[in-house]
Structure formats: C-alpha cells, structure tokens
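One structure is given below, encoded as structure tokens.
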Number of protein chains: 2
Amino acid sequence: MSTDGKNKIREAALRVISEQGIAGATMRVIAKEAGVSTGAIYHYYPAKEDILYDIMDVSLKASTQVAERAKSGEASRLEIARDVYENLIERFKKVQENRLQFYLAHEAILGNEQLQKRFQEKYDEWISRIEDILLAAYEAREGKATRAFAAWLLAAVDGMVLQDLLDVKAADKEMLMQVFDILLTEGIPCFLQLMEKKGIFAD
Amino acid sequence: MSTDGKNKIREAALRVISEQGIAGATMRVIAKEAGVSTGAIYHYYPAKEDILYDIMDVSLKASTQVAERAKSGEASRLEIARDVYENLIERFKKVQENRLQFYLAHEAILGNEQLQKRFQEKYDEWISRIEDILLAAYEAREGKATRAFAAWLLAAVDGMVLQDLLDVKAADKEMLMQVFDILLTEGIPCFLQLMEKKGIFAD
C-alpha cells in the first residue's frame, strides 16, 4: 500500500509543520507522528525535502484535473473558468501547503540547487497545464506567445498567494475574486485577441 | 549627512549579503564593511532587518516616480506604459534586492509579526502607486474594483520576479516581455472596459 503509506507520511508531516514549524519537522519526528518506523519512512522518502516537495506537488495537482477536463472537450469555456475559479478558492485555504511552497522556493533561491532544478521542472509542468487550458478551452494558438501568457497567469496566482500568506489586506478580498472571475470569463479571451492583432503568434 | 551614511550602510550590506548570504550579514560585519563604528550603524539602523527592509524599500521606489509622472499629466499613456516596462526590466536586474524581498517575506510568513506588519503597509503603498497609475494614465474609475485590479497586477510582477529568481526557463524571456508590453499598452484598457461593462465599479 505504497500510496497509503505516502499519504500517511505527508499528513503527519503537515501536522508536525503546523505545530513545530518546518525546521522542527525532522525525519524522526515525522516518522513518529505517522506511526511508522524510521526504516519505513526512508523507504518512502529518501529525505525530508522529498516529503515537503511531494506535499506541495500533490496539493497543486488540481490544475492537472482541470486541464484534463478542458482537453476532453466535455466542458464549456465557462465551466472551465468556473473550475479554475473554484481551484483558486481551494488554493487559498491550503495555508500550510502554500507556506511550504514559499519555504521551498526560498531554500532554492538561497542555493539549494537540487530543489531549484525540481522547481524549474515543476514550473514547466504547471505552465504546461495552464497552456493546455488556454489551448483547449480558450482556443488560443499554440506557440511561444501562449506559453508566455500562461507563465504570467501562473505568476499572478503565485503573487496573490504570497499576498494572502502575508495577510495583506490592501484590497477587498471579495473584489479580488470578482476581478479574477472577469479575467477568467472575458479577460483572457480579450487578451488573446489583442495578442492575435499584434501578430505575436507568428514569432 | 544622514542620507549618505544610510546609503553607505545599505551598499555595504548588499555586498556582505552577496558574498556571505543573509545569515552572515550581522550588524558588526556590515559596520566593518561600511567603514563605520558599531555605534554609528546603530544610530542609523536599530537592527539588521531595518537595513534589509530599507534596501528593499529603496530599490522598489521607482514605481513612485512613475506614479508621480502619471499624476502630473505630462506624459501620455504610452509613455507611462513605457516607463512601467523599463521599470520591470530594471527590477529583474536587481537580483540581490529581489532575493532580499523573498527572504524577508519568508521571515514574515514564518512568524515575524513586526516584519509582516511592515509588509502589509508596504503592499498597501505599492498597490496605491499602481492604483494612481491606473487612475491617471488609464483613466480607471476610483474604487474597490480598480484597487483590486492593481493588487492583481502587483501579484503578477511579484510572481514573475519569483520565476526569475528560481531561474525558471519554462517560457521564452523575450516573449514574456512582449506579453507584458501588450498588457500595458492595450490589455489594461481592455480589462478596464470589461470591468465597466460588468458594473463592478458600482460596488
């Protein structure tokens, strides 16, 4: 039951982190909390950072499902926009996972090269998922321009998660979501048209 | 010469950080590098974090100048868009300052309440500057909706700075800037019209 074991360890790690912080979450403490032996935890995860990374990875899997749904062609653009909107609401609730993302990003920026490489691969994947959604649900044109636009959309979400973690209350929360909703339903189509008009898809 | 003294200390701190990392940048080491006494450094800055925060603050002052220029009414929308574009190019070059921003944000997220409060005030100020630009150069309507939109624009820039620090190469760099350019020149006006149509300015 490898998946169950991993689930148990990730859930235990999240509990330890929320109580003792990331520094206090050693392999030994996580194993104890999960009720597994130290040998067993190393069987599932070679290092603590592998657990943390996996927690972040699993928590951000929702966008893959939305991308699959968009590619299946079974949902309308508005339904996909609704899915993405709901996804962001859920994302904001995952405070521990979001903190973890910025903790890991911070470690990568400070010089953890292995972690940086993983982030690069992960961003590549996340941007691909958003690109899939743009291509399937918004009928964007495939190419460098759509991919760059996908990267900006991901950046906006990351930046808003950061504002949320810092508890910035500079703007009205409900209004932030209304603006996001307009972006998803009409802003993206409008912007794709502008890109078409500018002819940057030809590049 | 208080400003000169502070400049000297900030520059010294940046040098120390780029060589020894943020952890190695103690008040004593920074004072030595700046060629001032320990007494003098405490006269200018009560604590190390005050220096770091000030470095970030000063490096992100450029948006204030753009906002002032927009408010003066002496520059066209395209000129202001050009200024914002150039600002982002300059921002990407300030790698040490950007790392510092994410280091401080990380500290705030992990529980440094004083730092968190400062970030909240700073975001409030940054969002106000973007709002000023939207009102003056893009003739947006004053209110919660424009402010929320300003917060999203700041989020997009923060998120892109994060991708840059992580050296994510998932999207073509030149194309990222072309997309940003279209956003500034035509994307924002298009989006403001959509907001108007949706009637969210009335809220």
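Each chain in the structure tokens gets a letter, A, B and so on, in the order shown; residues start at 1 in every chain, and ligands are counted from 1 in the order they appear.
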Interface, chain B side, toward chain A (8 Å; only C-alpha atoms) as number ranges by chain: B: 21, 99, 102-103, 105-106, 108-110, 116, 119-120, 123-124, 127, 144-145, 147-149, 151-160, 162-163, 165-173, 175-176, 179, 182-183, 186-187, 190-191, 194-195
message: Applying 10 Å and only C-alpha atoms, which residues near His43 in chain A remain after dropping the ones on its own chain fewer than 4 positions away? List them as a ChimeraX atom specification.
response: /A:2,5-6,37-39,47
task: To one decimal in Å, tell me the separation between CA of Glu79 in chain B and CA of Lys94 in chain B.
output: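 Straight-line distance from CA of Glu79 in chain B to CA of Lys94 in chain B works out to 22.9 Å.
Coordinates place CA of Glu49 in chain A at a distance of 22.4 Å from CA of Lys93 in chain A.
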